>>> print(open('run_38.pdb').read())   # PDB, C-alpha atoms and all ligand atoms
ATOM      1  CA  MET A  29       1.893  15.703   1.507  1.00  0.00           C
ATOM      2  CA  GLU A  30      -0.920  13.856   3.159  1.00  0.00           C
ATOM      3  CA  HIS A  31      -0.976  10.409   1.541  1.00  0.00           C
ATOM      4  CA  LEU A  32       1.995   8.461   0.169  1.00  0.00           C
ATOM      5  CA  ALA A  33       1.519   5.091  -1.565  1.00  0.00           C
ATOM      6  CA  ILE A  34       4.304   2.646  -2.406  1.00  0.00           C
ATOM      7  CA  ILE A  35       4.676  -0.330  -4.746  1.00  0.00           C
ATOM      8  CA  MET A  36       7.346  -2.179  -2.754  1.00  0.00           C
ATOM      9  CA  ASP A  37       9.077  -3.950  -5.638  1.00  0.00           C
ATOM     10  CA  GLY A  38      12.426  -5.729  -5.904  1.00  0.00           C
ATOM     11  CA  ASN A  39      12.541  -7.942  -2.817  1.00  0.00           C
ATOM     12  CA  GLY A  40      13.249 -11.035  -4.932  1.00  0.00           C
ATOM     13  CA  ARG A  41      16.120  -9.399  -6.829  1.00  0.00           C
ATOM     14  CA  TRP A  42      17.585  -8.056  -3.586  1.00  0.00           C
ATOM     15  CA  ALA A  43      17.646 -11.599  -2.184  1.00  0.00           C
ATOM     16  CA  LYS A  44      19.016 -13.113  -5.393  1.00  0.00           C
ATOM     17  CA  LYS A  45      21.955 -10.696  -5.437  1.00  0.00           C
ATOM     18  CA  ARG A  46      22.839 -11.999  -1.975  1.00  0.00           C
ATOM     19  CA  HIS A  47      22.248 -15.671  -2.809  1.00  0.00           C
ATOM     20  CA  LEU A  48      19.437 -15.727  -0.258  1.00  0.00           C
ATOM     21  CA  PRO A  49      15.949 -17.270  -0.551  1.00  0.00           C
ATOM     22  CA  ARG A  50      13.252 -14.894  -1.859  1.00  0.00           C
ATOM     23  CA  LEU A  51      11.574 -14.850   1.543  1.00  0.00           C
ATOM     24  CA  ALA A  52      14.688 -13.234   3.039  1.00  0.00           C
ATOM     25  CA  GLY A  53      14.055 -10.388   0.581  1.00  0.00           C
ATOM     26  CA  HIS A  54      10.472 -10.058   1.795  1.00  0.00           C
ATOM     27  CA  LYS A  55      11.659  -9.997   5.425  1.00  0.00           C
ATOM     28  CA  ALA A  56      14.110  -7.216   4.570  1.00  0.00           C
ATOM     29  CA  GLY A  57      11.159  -5.550   2.821  1.00  0.00           C
ATOM     30  CA  ALA A  58       9.158  -5.616   6.053  1.00  0.00           C
ATOM     31  CA  ASP A  59      12.079  -3.844   7.798  1.00  0.00           C
ATOM     32  CA  ALA A  60      12.138  -1.238   5.027  1.00  0.00           C
ATOM     33  CA  LEU A  61       8.428  -0.678   5.659  1.00  0.00           C
ATOM     34  CA  ASP A  62       9.057  -0.069   9.376  1.00  0.00           C
ATOM     35  CA  ARG A  63      11.768   2.465   8.538  1.00  0.00           C
ATOM     36  CA  THR A  64       9.559   4.188   5.987  1.00  0.00           C
ATOM     37  CA  MET A  65       6.761   4.617   8.525  1.00  0.00           C
ATOM     38  CA  HIS A  66       9.185   6.581  10.699  1.00  0.00           C
ATOM     39  CA  TYR A  67      10.236   8.782   7.771  1.00  0.00           C
ATOM     40  CA  CYS A  68       6.553   9.430   7.020  1.00  0.00           C
ATOM     41  CA  ARG A  69       5.868  10.384  10.617  1.00  0.00           C
ATOM     42  CA  GLU A  70       8.744  12.844  10.634  1.00  0.00           C
ATOM     43  CA  ALA A  71       7.698  14.351   7.317  1.00  0.00           C
ATOM     44  CA  GLY A  72       4.111  14.877   8.480  1.00  0.00           C
ATOM     45  CA  VAL A  73       2.595  12.327   6.083  1.00  0.00           C
ATOM     46  CA  LYS A  74      -0.725  11.092   7.524  1.00  0.00           C
ATOM     47  CA  TYR A  75      -1.462   8.019   5.367  1.00  0.00           C
ATOM     48  CA  LEU A  76       0.881   5.386   3.941  1.00  0.00           C
ATOM     49  CA  THR A  77      -0.534   2.711   1.626  1.00  0.00           C
ATOM     50  CA  VAL A  78       1.710  -0.198   0.643  1.00  0.00           C
ATOM     51  CA  TYR A  79       1.182  -2.903  -1.962  1.00  0.00           C
ATOM     52  CA  ALA A  80       2.100  -6.062  -0.048  1.00  0.00           C
ATOM     53  CA  PHE A  81       0.276  -8.751  -2.066  1.00  0.00           C
ATOM     54  CA  SER A  82      -1.579  -8.448  -5.364  1.00  0.00           C
ATOM     55  CA  THR A  83      -4.428 -10.570  -6.705  1.00  0.00           C
ATOM     56  CA  GLU A  84      -1.799 -11.819  -9.220  1.00  0.00           C
ATOM     57  CA  ASN A  85       0.682 -12.837  -6.516  1.00  0.00           C
ATOM     58  CA  TRP A  86      -1.366 -15.995  -5.759  1.00  0.00           C
ATOM     59  CA  LYS A  87       0.205 -17.419  -8.950  1.00  0.00           C
ATOM     60  CA  ARG A  88       3.667 -17.487  -7.363  1.00  0.00           C
ATOM     61  CA  SER A  89       5.122 -20.763  -6.055  1.00  0.00           C
ATOM     62  CA  GLU A  90       3.291 -22.373  -3.162  1.00  0.00           C
ATOM     63  CA  ASP A  91       6.399 -21.894  -1.032  1.00  0.00           C
ATOM     64  CA  GLU A  92       6.592 -18.168  -1.652  1.00  0.00           C
ATOM     65  CA  VAL A  93       2.845 -17.612  -1.144  1.00  0.00           C
ATOM     66  CA  SER A  94       2.780 -19.502   2.150  1.00  0.00           C
ATOM     67  CA  GLY A  95       6.033 -17.815   3.236  1.00  0.00           C
ATOM     68  CA  LEU A  96       4.571 -14.371   2.540  1.00  0.00           C
ATOM     69  CA  MET A  97       1.302 -15.238   4.306  1.00  0.00           C
ATOM     70  CA  SER A  98       3.123 -16.405   7.427  1.00  0.00           C
ATOM     71  CA  LEU A  99       5.352 -13.316   7.325  1.00  0.00           C
ATOM     72  CA  LEU A 100       2.205 -11.171   7.226  1.00  0.00           C
ATOM     73  CA  SER A 101       0.579 -13.132  10.013  1.00  0.00           C
ATOM     74  CA  GLN A 102       3.737 -12.798  12.118  1.00  0.00           C
ATOM     75  CA  TYR A 103       3.834  -9.078  11.427  1.00  0.00           C
ATOM     76  CA  VAL A 104       0.182  -8.627  12.396  1.00  0.00           C
ATOM     77  CA  LYS A 105       0.581 -10.690  15.586  1.00  0.00           C
ATOM     78  CA  SER A 106       3.866  -9.167  16.761  1.00  0.00           C
ATOM     79  CA  LYS A 107       3.434  -5.466  16.000  1.00  0.00           C
ATOM     80  CA  GLU A 108       0.502  -4.534  18.207  1.00  0.00           C
ATOM     81  CA  LYS A 109       2.513  -2.858  20.991  1.00  0.00           C
ATOM     82  CA  GLU A 110       4.787  -0.986  18.620  1.00  0.00           C
ATOM     83  CA  LEU A 111       1.908   0.272  16.458  1.00  0.00           C
ATOM     84  CA  VAL A 112      -0.190   1.348  19.440  1.00  0.00           C
ATOM     85  CA  ALA A 113       2.824   3.104  21.043  1.00  0.00           C
ATOM     86  CA  ASN A 114       3.506   4.943  17.787  1.00  0.00           C
ATOM     87  CA  LYS A 115      -0.195   5.758  17.282  1.00  0.00           C
ATOM     88  CA  VAL A 116      -0.342   3.881  13.991  1.00  0.00           C
ATOM     89  CA  ARG A 117      -3.803   2.886  12.806  1.00  0.00           C
ATOM     90  CA  PHE A 118      -3.498  -0.395  10.865  1.00  0.00           C
ATOM     91  CA  ARG A 119      -5.941  -1.099   8.035  1.00  0.00           C
ATOM     92  CA  VAL A 120      -6.194  -3.637   5.223  1.00  0.00           C
ATOM     93  CA  ILE A 121      -7.610  -3.087   1.728  1.00  0.00           C
ATOM     94  CA  GLY A 122      -8.206  -5.845  -0.825  1.00  0.00           C
ATOM     95  CA  ARG A 123     -10.029  -9.164  -1.050  1.00  0.00           C
ATOM     96  CA  ARG A 124      -9.959 -10.068   2.615  1.00  0.00           C
ATOM     97  CA  GLU A 125     -12.001 -13.214   2.057  1.00  0.00           C
ATOM     98  CA  ASP A 126      -9.022 -14.699   0.130  1.00  0.00           C
ATOM     99  CA  LEU A 127      -6.779 -14.534   3.203  1.00  0.00           C
ATOM    100  CA  GLY A 128      -8.453 -17.247   5.259  1.00  0.00           C
ATOM    101  CA  ALA A 129     -10.302 -17.094   8.566  1.00  0.00           C
ATOM    102  CA  LYS A 130      -7.234 -17.124  10.810  1.00  0.00           C
ATOM    103  CA  LEU A 131      -5.303 -14.257   9.203  1.00  0.00           C
ATOM    104  CA  ASN A 132      -8.562 -12.327   8.837  1.00  0.00           C
ATOM    105  CA  ALA A 133      -9.274 -12.609  12.543  1.00  0.00           C
ATOM    106  CA  GLU A 134      -5.707 -11.470  13.356  1.00  0.00           C
ATOM    107  CA  ILE A 135      -6.103  -8.489  11.021  1.00  0.00           C
ATOM    108  CA  ALA A 136      -9.493  -7.521  12.473  1.00  0.00           C
ATOM    109  CA  ALA A 137      -8.054  -7.692  16.013  1.00  0.00           C
ATOM    110  CA  LEU A 138      -5.121  -5.433  15.075  1.00  0.00           C
ATOM    111  CA  GLU A 139      -7.414  -2.982  13.276  1.00  0.00           C
ATOM    112  CA  GLU A 140      -9.594  -2.757  16.366  1.00  0.00           C
ATOM    113  CA  LYS A 141      -6.649  -2.330  18.765  1.00  0.00           C
ATOM    114  CA  THR A 142      -5.015   0.385  16.662  1.00  0.00           C
ATOM    115  CA  LYS A 143      -8.168   2.258  15.639  1.00  0.00           C
ATOM    116  CA  ASP A 144      -7.308   5.415  17.590  1.00  0.00           C
ATOM    117  CA  GLY A 145      -3.964   6.031  15.899  1.00  0.00           C
ATOM    118  CA  ASP A 146      -3.415   9.332  14.130  1.00  0.00           C
ATOM    119  CA  PHE A 147      -1.201   7.932  11.360  1.00  0.00           C
ATOM    120  CA  THR A 148      -2.767   5.335   9.058  1.00  0.00           C
ATOM    121  CA  LEU A 149      -0.915   2.392   7.527  1.00  0.00           C
ATOM    122  CA  LEU A 150      -3.021   0.799   4.798  1.00  0.00           C
ATOM    123  CA  VAL A 151      -1.766  -2.585   3.663  1.00  0.00           C
ATOM    124  CA  ALA A 152      -3.068  -3.815   0.295  1.00  0.00           C
ATOM    125  CA  LEU A 153      -3.506  -7.587   0.519  1.00  0.00           C
ATOM    126  CA  SER A 154      -4.905  -9.751  -2.266  1.00  0.00           C
ATOM    127  CA  TYR A 155      -5.479  -6.368  -3.821  1.00  0.00           C
ATOM    128  CA  GLY A 156      -6.184  -5.416  -7.433  1.00  0.00           C
ATOM    129  CA  GLY A 157      -7.393  -2.004  -8.567  1.00  0.00           C
ATOM    130  CA  ARG A 158      -9.852  -3.420 -11.099  1.00  0.00           C
ATOM    131  CA  ASP A 159     -11.075  -5.911  -8.526  1.00  0.00           C
ATOM    132  CA  GLU A 160     -11.679  -3.102  -6.016  1.00  0.00           C
ATOM    133  CA  ILE A 161     -13.709  -1.196  -8.637  1.00  0.00           C
ATOM    134  CA  VAL A 162     -15.791  -4.274  -9.513  1.00  0.00           C
ATOM    135  CA  ARG A 163     -16.431  -5.003  -5.826  1.00  0.00           C
ATOM    136  CA  ALA A 164     -17.475  -1.362  -5.332  1.00  0.00           C
ATOM    137  CA  ALA A 165     -19.884  -1.617  -8.279  1.00  0.00           C
ATOM    138  CA  ARG A 166     -21.388  -4.780  -6.788  1.00  0.00           C
ATOM    139  CA  LYS A 167     -21.770  -3.099  -3.391  1.00  0.00           C
ATOM    140  CA  ALA A 168     -23.470  -0.089  -5.012  1.00  0.00           C
ATOM    141  CA  MET A 169     -25.894  -2.364  -6.862  1.00  0.00           C
ATOM    142  CA  ALA A 170     -26.577  -4.416  -3.755  1.00  0.00           C
ATOM    143  CA  ALA A 171     -27.292  -1.173  -1.853  1.00  0.00           C
ATOM    144  CA  GLY A 172     -29.913  -0.347  -4.471  1.00  0.00           C
ATOM    145  CA  VAL A 173     -28.188   2.760  -5.824  1.00  0.00           C
ATOM    146  CA  LYS A 174     -30.093   3.896  -8.949  1.00  0.00           C
ATOM    147  CA  PRO A 175     -28.087   4.522 -12.148  1.00  0.00           C
ATOM    148  CA  ASP A 176     -28.866   8.271 -12.015  1.00  0.00           C
ATOM    149  CA  GLU A 177     -27.688   8.511  -8.424  1.00  0.00           C
ATOM    150  CA  LEU A 178     -24.270   6.978  -9.096  1.00  0.00           C
ATOM    151  CA  THR A 179     -21.936   9.986  -9.106  1.00  0.00           C
ATOM    152  CA  GLU A 180     -18.158   9.759  -8.722  1.00  0.00           C
ATOM    153  CA  GLU A 181     -18.533  10.773  -5.108  1.00  0.00           C
ATOM    154  CA  ALA A 182     -21.219   8.168  -4.426  1.00  0.00           C
ATOM    155  CA  PHE A 183     -19.137   5.492  -6.129  1.00  0.00           C
ATOM    156  CA  SER A 184     -16.059   6.404  -4.040  1.00  0.00           C
ATOM    157  CA  SER A 185     -18.032   5.645  -0.911  1.00  0.00           C
ATOM    158  CA  PHE A 186     -18.092   1.946  -1.898  1.00  0.00           C
ATOM    159  CA  MET A 187     -14.309   1.631  -2.250  1.00  0.00           C
ATOM    160  CA  ASP A 188     -12.267  -0.196   0.419  1.00  0.00           C
ATOM    161  CA  ALA A 189     -11.138   2.914   2.362  1.00  0.00           C
ATOM    162  CA  PRO A 190     -13.677   5.630   1.525  1.00  0.00           C
ATOM    163  CA  ASP A 191     -12.566   7.865   4.408  1.00  0.00           C
ATOM    164  CA  VAL A 192      -8.968   8.055   3.186  1.00  0.00           C
ATOM    165  CA  PRO A 193      -7.941  10.890   0.827  1.00  0.00           C
ATOM    166  CA  ASP A 194      -6.534   9.915  -2.582  1.00  0.00           C
ATOM    167  CA  PRO A 195      -2.756   9.389  -2.688  1.00  0.00           C
ATOM    168  CA  ASP A 196      -0.728  12.487  -3.532  1.00  0.00           C
ATOM    169  CA  LEU A 197       2.350  10.522  -4.585  1.00  0.00           C
ATOM    170  CA  ILE A 198       2.857   6.902  -5.656  1.00  0.00           C
ATOM    171  CA  VAL A 199       6.404   5.534  -5.482  1.00  0.00           C
ATOM    172  CA  ARG A 200       7.541   2.381  -7.253  1.00  0.00           C
ATOM    173  CA  THR A 201      10.940   0.898  -6.509  1.00  0.00           C
ATOM    174  CA  SER A 202      13.177  -1.469  -8.509  1.00  0.00           C
ATOM    175  CA  GLY A 203      13.092   0.319 -11.850  1.00  0.00           C
ATOM    176  CA  GLU A 204       9.802  -1.042 -13.208  1.00  0.00           C
ATOM    177  CA  LEU A 205       7.786   1.670 -14.941  1.00  0.00           C
ATOM    178  CA  ARG A 206       4.283   0.253 -14.464  1.00  0.00           C
ATOM    179  CA  THR A 207       1.423   0.888 -12.081  1.00  0.00           C
ATOM    180  CA  SER A 208       0.396  -2.803 -11.979  1.00  0.00           C
ATOM    181  CA  ASN A 209      -3.264  -2.428 -11.035  1.00  0.00           C
ATOM    182  CA  PHE A 210      -2.496  -0.459  -7.846  1.00  0.00           C
ATOM    183  CA  LEU A 211      -5.127   2.067  -6.649  1.00  0.00           C
ATOM    184  CA  LEU A 212      -6.597   2.530 -10.143  1.00  0.00           C
ATOM    185  CA  TRP A 213      -9.564   4.614  -9.021  1.00  0.00           C
ATOM    186  CA  GLU A 214      -7.727   6.576  -6.321  1.00  0.00           C
ATOM    187  CA  SER A 215      -4.673   7.479  -8.449  1.00  0.00           C
ATOM    188  CA  ALA A 216      -6.546   9.629 -11.004  1.00  0.00           C
ATOM    189  CA  TYR A 217      -4.554  12.741 -10.011  1.00  0.00           C
ATOM    190  CA  SER A 218      -1.599  11.186  -8.199  1.00  0.00           C
ATOM    191  CA  GLU A 219       1.980  12.026  -9.071  1.00  0.00           C
ATOM    192  CA  TYR A 220       4.377   9.130  -9.689  1.00  0.00           C
ATOM    193  CA  TYR A 221       7.999   8.652  -8.687  1.00  0.00           C
ATOM    194  CA  PHE A 222      10.038   5.731 -10.007  1.00  0.00           C
ATOM    195  CA  THR A 223      13.416   4.740  -8.598  1.00  0.00           C
ATOM    196  CA  PRO A 224      15.803   1.912  -9.550  1.00  0.00           C
ATOM    197  CA  VAL A 225      16.523   1.235  -5.861  1.00  0.00           C
ATOM    198  CA  LEU A 226      15.275  -2.185  -4.701  1.00  0.00           C
ATOM    199  CA  TRP A 227      12.643  -1.973  -1.951  1.00  0.00           C
ATOM    200  CA  PRO A 228      14.775  -3.491   0.888  1.00  0.00           C
ATOM    201  CA  ASP A 229      17.412  -0.806   0.153  1.00  0.00           C
ATOM    202  CA  PHE A 230      14.900   2.053   0.366  1.00  0.00           C
ATOM    203  CA  ASP A 231      16.312   4.463   2.944  1.00  0.00           C
ATOM    204  CA  ARG A 232      15.921   8.021   4.156  1.00  0.00           C
ATOM    205  CA  LYS A 233      17.955   9.395   1.266  1.00  0.00           C
ATOM    206  CA  GLU A 234      15.574   7.760  -1.217  1.00  0.00           C
ATOM    207  CA  PHE A 235      12.537   8.879   0.743  1.00  0.00           C
ATOM    208  CA  ASP A 236      13.780  12.478   0.774  1.00  0.00           C
ATOM    209  CA  LYS A 237      14.474  12.324  -2.980  1.00  0.00           C
ATOM    210  CA  ALA A 238      10.933  11.121  -3.670  1.00  0.00           C
ATOM    211  CA  LEU A 239       9.392  13.871  -1.529  1.00  0.00           C
ATOM    212  CA  GLU A 240      11.655  16.506  -3.030  1.00  0.00           C
ATOM    213  CA  SER A 241      10.671  15.500  -6.532  1.00  0.00           C
ATOM    214  CA  PHE A 242       7.011  15.718  -5.498  1.00  0.00           C
ATOM    215  CA  SER A 243       7.329  19.144  -3.920  1.00  0.00           C
ATOM    216  CA  GLY A 244       8.911  20.524  -7.077  1.00  0.00           C
ATOM    217  CA  ARG A 245       5.889  19.606  -9.192  1.00  0.00           C
ATOM    218  CA  GLU A 246       3.043  21.866 -10.152  1.00  0.00           C
ATOM    219  CA  ARG A 247      -0.235  20.095  -9.494  1.00  0.00           C
ATOM    220  CA  ARG A 248      -2.969  21.365 -11.738  1.00  0.00           C
ATOM    221  CA  MET A 249      -5.429  18.534 -10.973  1.00  0.00           C
ATOM    222  CA  GLY A 250      -6.817  19.027 -14.465  1.00  0.00           C
ATOM    223  CA  GLY A 251      -7.529  22.725 -13.965  1.00  0.00           C
ATOM    224  CA  ARG A 252      -5.485  25.789 -14.912  1.00  0.00           C
ATOM    225  CA  LEU A 253      -3.350  27.635 -12.428  1.00  0.00           C
ATOM    226  CA  LYS A 254      -4.436  31.208 -11.957  1.00  0.00           C
TER     227      LYS A 254
HETATM  228  C1  LIG B 301       7.592  -7.343  -4.659  1.00  0.00           C
HETATM  229  O1  LIG B 301       8.911  -7.822  -4.818  1.00  0.00           O
HETATM  230  C2  LIG B 301       7.166  -7.530  -3.296  1.00  0.00           C
HETATM  231  C3  LIG B 301       6.140  -8.333  -2.893  1.00  0.00           C
HETATM  232  C4  LIG B 301       5.322  -9.135  -3.812  1.00  0.00           C
HETATM  233  C5  LIG B 301       5.824  -8.482  -1.462  1.00  0.00           C
HETATM  234  C6  LIG B 301       5.917  -7.250  -0.626  1.00  0.00           C
HETATM  235  C7  LIG B 301       5.864  -7.693   0.754  1.00  0.00           C
HETATM  236  C8  LIG B 301       6.590  -7.214   1.761  1.00  0.00           C
HETATM  237  C9  LIG B 301       7.530  -6.057   1.690  1.00  0.00           C
HETATM  238  C10 LIG B 301       6.425  -7.948   3.028  1.00  0.00           C
HETATM  239  C11 LIG B 301       6.125  -7.164   4.183  1.00  0.00           C
HETATM  240  C12 LIG B 301       4.827  -6.503   4.228  1.00  0.00           C
HETATM  241  C13 LIG B 301       4.191  -6.372   5.388  1.00  0.00           C
HETATM  242  C14 LIG B 301       2.936  -5.570   5.482  1.00  0.00           C
HETATM  243  C15 LIG B 301       4.679  -7.031   6.596  1.00  0.00           C
HETATM  244  P1  LIG B 301       9.153  -9.040  -5.779  1.00  0.00           P
HETATM  245  O2  LIG B 301       9.086 -10.291  -4.998  1.00  0.00           O
HETATM  246  O3  LIG B 301       8.220  -8.959  -6.943  1.00  0.00           O
HETATM  247  O4  LIG B 301      10.615  -8.762  -6.234  1.00  0.00           O
HETATM  248  P2  LIG B 301      11.285  -9.125  -7.634  1.00  0.00           P
HETATM  249  O5  LIG B 301      10.491  -8.372  -8.688  1.00  0.00           O
HETATM  250  O6  LIG B 301      12.670  -8.617  -7.483  1.00  0.00           O
HETATM  251  O7  LIG B 301      11.205 -10.610  -7.789  1.00  0.00           O
END
>>> encode(input="run_38.pdb", output="C-alpha cells", more="lines below")
Ligand code: FPP
Amino acid sequence: MEHLAIIMDGNGRWAKKRHLPRLAGHKAGADALDRTMHYCREAGVKYLTVYAFSTENWKRSEDEVSGLMSLLSQYVKSKEKELVANKVRFRVIGRREDLGAKLNAEIAALEEKTKDGDFTLLVALSYGGRDEIVRAARKAMAAGVKPDELTEEAFSSFMDAPDVPDPDLIVRTSGELRTSNFLLWESAYSEYYFTPVLWPDFDRKEFDKALESFSGRERRMGGRLK
C-alpha cells in the first residue's frame, strides 16, 4: 500500500473516560500519530494523510480551538529535527489562510526544511473535501481553463496535493461510520476500514488489522478482473 489516510477520531471520548480535559486527548492523539508514522515506515507506506482539523472544527469551544492550534504550532516548531532525521516530508492541505500568519509561517518553514524526505506526512488543517473541490474549481477558472479542457486529470492538478497518489485505504477510528467530508475527490476508489478503537489507543495491533483487512480485498477500481 502506498497511501494511507486516517480520520483520527475519539480523542475527546478517550479524555472523558479518564476524567481529563479534551486537550489531553488531543495530545495523546499526537503521540498516536508519531507511533503510526513508524508503523507506516516499517510497512513500506509512502504517504500518510491525517485529518487533524476540519472546516467544521472552528465551531468548537474557543478553548478547544485555541488549544488545538497551539498544540499544532508546538508540534510544527518542535518536530523539525525528528522529521528531518526520519526523512519525513511534512505537508499541509486545507484552507491555510484560516490558520493565521504565524502558524502559516511555521508550517512553510517546516515544509521547506523537510522537503527532501522520502516519506510524506500530509496534515489536513481547516480542511473540507467540498471546500477543496470548490477552491480547485476557482483555481481552474482563474487559470483560464476552458470548459472543454477540464478533464478529471486537469481538475486533479488544481487540488491541494496534486503530486500525491490517491489514498488506497482510509481508516476511521472511534466507531463512527461516516467519511465526514474527508478527501472527497481523492477517495473515489479508496477502501475504508472502520474500528471502534479510540484514536489515542491506536497501536500496532490495530494498524496491522487495518492493513490485513486491506490486503484481503479485491480491488476492481470499477473494472472487471480478468
Ligand atoms: C477528533 O476527535 C480529533 C480531532 C478533531 C483533532 C485531531 C488532532 C490531533 C490528533 C492532534 C495532533 C495532530 C497533529 C498533526 C499534531 P474528537 O475531538 O472529535 O473526539 P470525540 O469525537 O471523542 O469528541
>>> residues_near_ligand(input="run_38.pdb", ligand="ligand LIG 301 (chain B)", cutoff="7 Å", atoms="all atoms listed in the file", output="mmCIF file with C-alpha atoms, keeping the file's coordinate frame")
data_model
loop_
_atom_site.group_PDB
_atom_site.id
_atom_site.type_symbol
_atom_site.label_atom_id
_atom_site.label_comp_id
_atom_site.auth_asym_id
_atom_site.auth_seq_id
_atom_site.Cartn_x
_atom_site.Cartn_y
_atom_site.Cartn_z
ATOM 1 C CA MET A 36 7.346 -2.179 -2.754
ATOM 2 C CA ASP A 37 9.077 -3.950 -5.638
ATOM 3 C CA GLY A 38 12.426 -5.729 -5.904
ATOM 4 C CA ASN A 39 12.541 -7.942 -2.817
ATOM 5 C CA GLY A 40 13.249 -11.035 -4.932
ATOM 6 C CA ARG A 41 16.120 -9.399 -6.829
ATOM 7 C CA TRP A 42 17.585 -8.056 -3.586
ATOM 8 C CA ARG A 50 13.252 -14.894 -1.859
ATOM 9 C CA HIS A 54 10.472 -10.058 1.795
ATOM 10 C CA LYS A 55 11.659 -9.997 5.425
ATOM 11 C CA GLY A 57 11.159 -5.550 2.821
ATOM 12 C CA ALA A 58 9.158 -5.616 6.053
ATOM 13 C CA LEU A 61 8.428 -0.678 5.659
ATOM 14 C CA TYR A 79 1.182 -2.903 -1.962
ATOM 15 C CA ALA A 80 2.100 -6.062 -0.048
ATOM 16 C CA PHE A 81 0.276 -8.751 -2.066
ATOM 17 C CA ASN A 85 0.682 -12.837 -6.516
ATOM 18 C CA LEU A 96 4.571 -14.371 2.540
ATOM 19 C CA LEU A 99 5.352 -13.316 7.325
ATOM 20 C CA LEU A 100 2.205 -11.171 7.226
ATOM 21 C CA TYR A 103 3.834 -9.078 11.427
ATOM 22 C CA VAL A 151 -1.766 -2.585 3.663
#
>>> atom_distance(input="run_38.pdb", atom1="CA of Ala152 in chain A", atom2="CA of Leu127 in chain A")
11.7 Å
>>> atom_distance(input="run_38.pdb", atom1="CA of Asp231 in chain A", atom2="CA of Gly203 in chain A")
15.7 Å
>>> resolve_selection(input="run_38.pdb", expression="the PyMOL selection byres (((chain A and resi 161-173) around 10) and not hetatm)", output="PyMOL selection string")
chain A and resi 122-123+156-160+174-178+182-188+211-213
>>> atom_distance(input="run_38.pdb", atom1="CA of Lys143 in chain A", atom2="CA of Ala238 in chain A")
28.6 Å
>>> residues_around(input="run_38.pdb", residues="Val116 in chain A", least_positions_apart="4", cutoff="10 Å", atoms="all atoms listed in the file", output="PDB file with C-alpha atoms, in the coordinates of the input")
ATOM      1  CA  MET A  65       6.761   4.617   8.525  1.00  0.00           C
ATOM      2  CA  ARG A  69       5.868  10.384  10.617  1.00  0.00           C
ATOM      3  CA  LYS A  74      -0.725  11.092   7.524  1.00  0.00           C
ATOM      4  CA  TYR A  75      -1.462   8.019   5.367  1.00  0.00           C
ATOM      5  CA  GLU A 108       0.502  -4.534  18.207  1.00  0.00           C
ATOM      6  CA  GLU A 110       4.787  -0.986  18.620  1.00  0.00           C
ATOM      7  CA  LEU A 111       1.908   0.272  16.458  1.00  0.00           C
ATOM      8  CA  VAL A 112      -0.190   1.348  19.440  1.00  0.00           C
ATOM      9  CA  GLU A 139      -7.414  -2.982  13.276  1.00  0.00           C
ATOM     10  CA  THR A 142      -5.015   0.385  16.662  1.00  0.00           C
ATOM     11  CA  LYS A 143      -8.168   2.258  15.639  1.00  0.00           C
ATOM     12  CA  ASP A 144      -7.308   5.415  17.590  1.00  0.00           C
ATOM     13  CA  GLY A 145      -3.964   6.031  15.899  1.00  0.00           C
ATOM     14  CA  ASP A 146      -3.415   9.332  14.130  1.00  0.00           C
ATOM     15  CA  PHE A 147      -1.201   7.932  11.360  1.00  0.00           C
ATOM     16  CA  THR A 148      -2.767   5.335   9.058  1.00  0.00           C
ATOM     17  CA  LEU A 149      -0.915   2.392   7.527  1.00  0.00           C
TER      18      LEU A 149
END
>>> resolve_selection(input="run_38.pdb", expression="the PyMOL selection byres (((chain A and resi 32) around 8) and not hetatm)", output="short mmCIF file (atom, residue, chain, number, x, y, z; two decimals) with C-alpha atoms, keeping the file's coordinate frame")
data_model
loop_
_atom_site.label_atom_id
_atom_site.label_comp_id
_atom_site.auth_asym_id
_atom_site.auth_seq_id
_atom_site.Cartn_x
_atom_site.Cartn_y
_atom_site.Cartn_z
CA MET A 29 1.89 15.70 1.51
CA GLU A 30 -0.92 13.86 3.16
CA HIS A 31 -0.98 10.41 1.54
CA ALA A 33 1.52 5.09 -1.56
CA ILE A 34 4.30 2.65 -2.41
CA VAL A 73 2.60 12.33 6.08
CA TYR A 75 -1.46 8.02 5.37
CA LEU A 76 0.88 5.39 3.94
CA THR A 77 -0.53 2.71 1.63
CA PRO A 195 -2.76 9.39 -2.69
CA ASP A 196 -0.73 12.49 -3.53
CA LEU A 197 2.35 10.52 -4.58
CA ILE A 198 2.86 6.90 -5.66
CA VAL A 199 6.40 5.53 -5.48
#
>>> residues_around(input="run_38.pdb", residues="Ala136 in chain A", least_positions_apart="4", cutoff="12 Å", atoms="all atoms listed in the file", output="PyMOL selection string")
chain A and resi 101+104-105+108+117-121+124+127+129-132+140-143
>>> decode(input="run_38.pdb", residues="range 108-121 of chain A", atoms="C-alpha atoms", output="PDB file, in the first residue's frame")
ATOM      1  CA  GLU A 108      11.933  19.604  12.791  1.00  0.00           C
ATOM      2  CA  LYS A 109      14.951  17.540  13.903  1.00  0.00           C
ATOM      3  CA  GLU A 110      12.974  14.346  14.338  1.00  0.00           C
ATOM      4  CA  LEU A 111      11.229  14.675  10.963  1.00  0.00           C
ATOM      5  CA  VAL A 112      14.437  15.513   9.104  1.00  0.00           C
ATOM      6  CA  ALA A 113      16.289  12.613  10.808  1.00  0.00           C
ATOM      7  CA  ASN A 114      13.491  10.232   9.833  1.00  0.00           C
ATOM      8  CA  LYS A 115      13.291  11.656   6.291  1.00  0.00           C
ATOM      9  CA  VAL A 116       9.677  12.715   6.729  1.00  0.00           C
ATOM     10  CA  ARG A 117       8.413  15.334   4.298  1.00  0.00           C
ATOM     11  CA  PHE A 118       5.796  17.464   6.099  1.00  0.00           C
ATOM     12  CA  ARG A 119       2.958  18.996   4.082  1.00  0.00           C
ATOM     13  CA  VAL A 120      -0.330  20.720   4.879  1.00  0.00           C
ATOM     14  CA  ILE A 121      -3.575  20.550   2.890  1.00  0.00           C
TER      15      ILE A 121
END
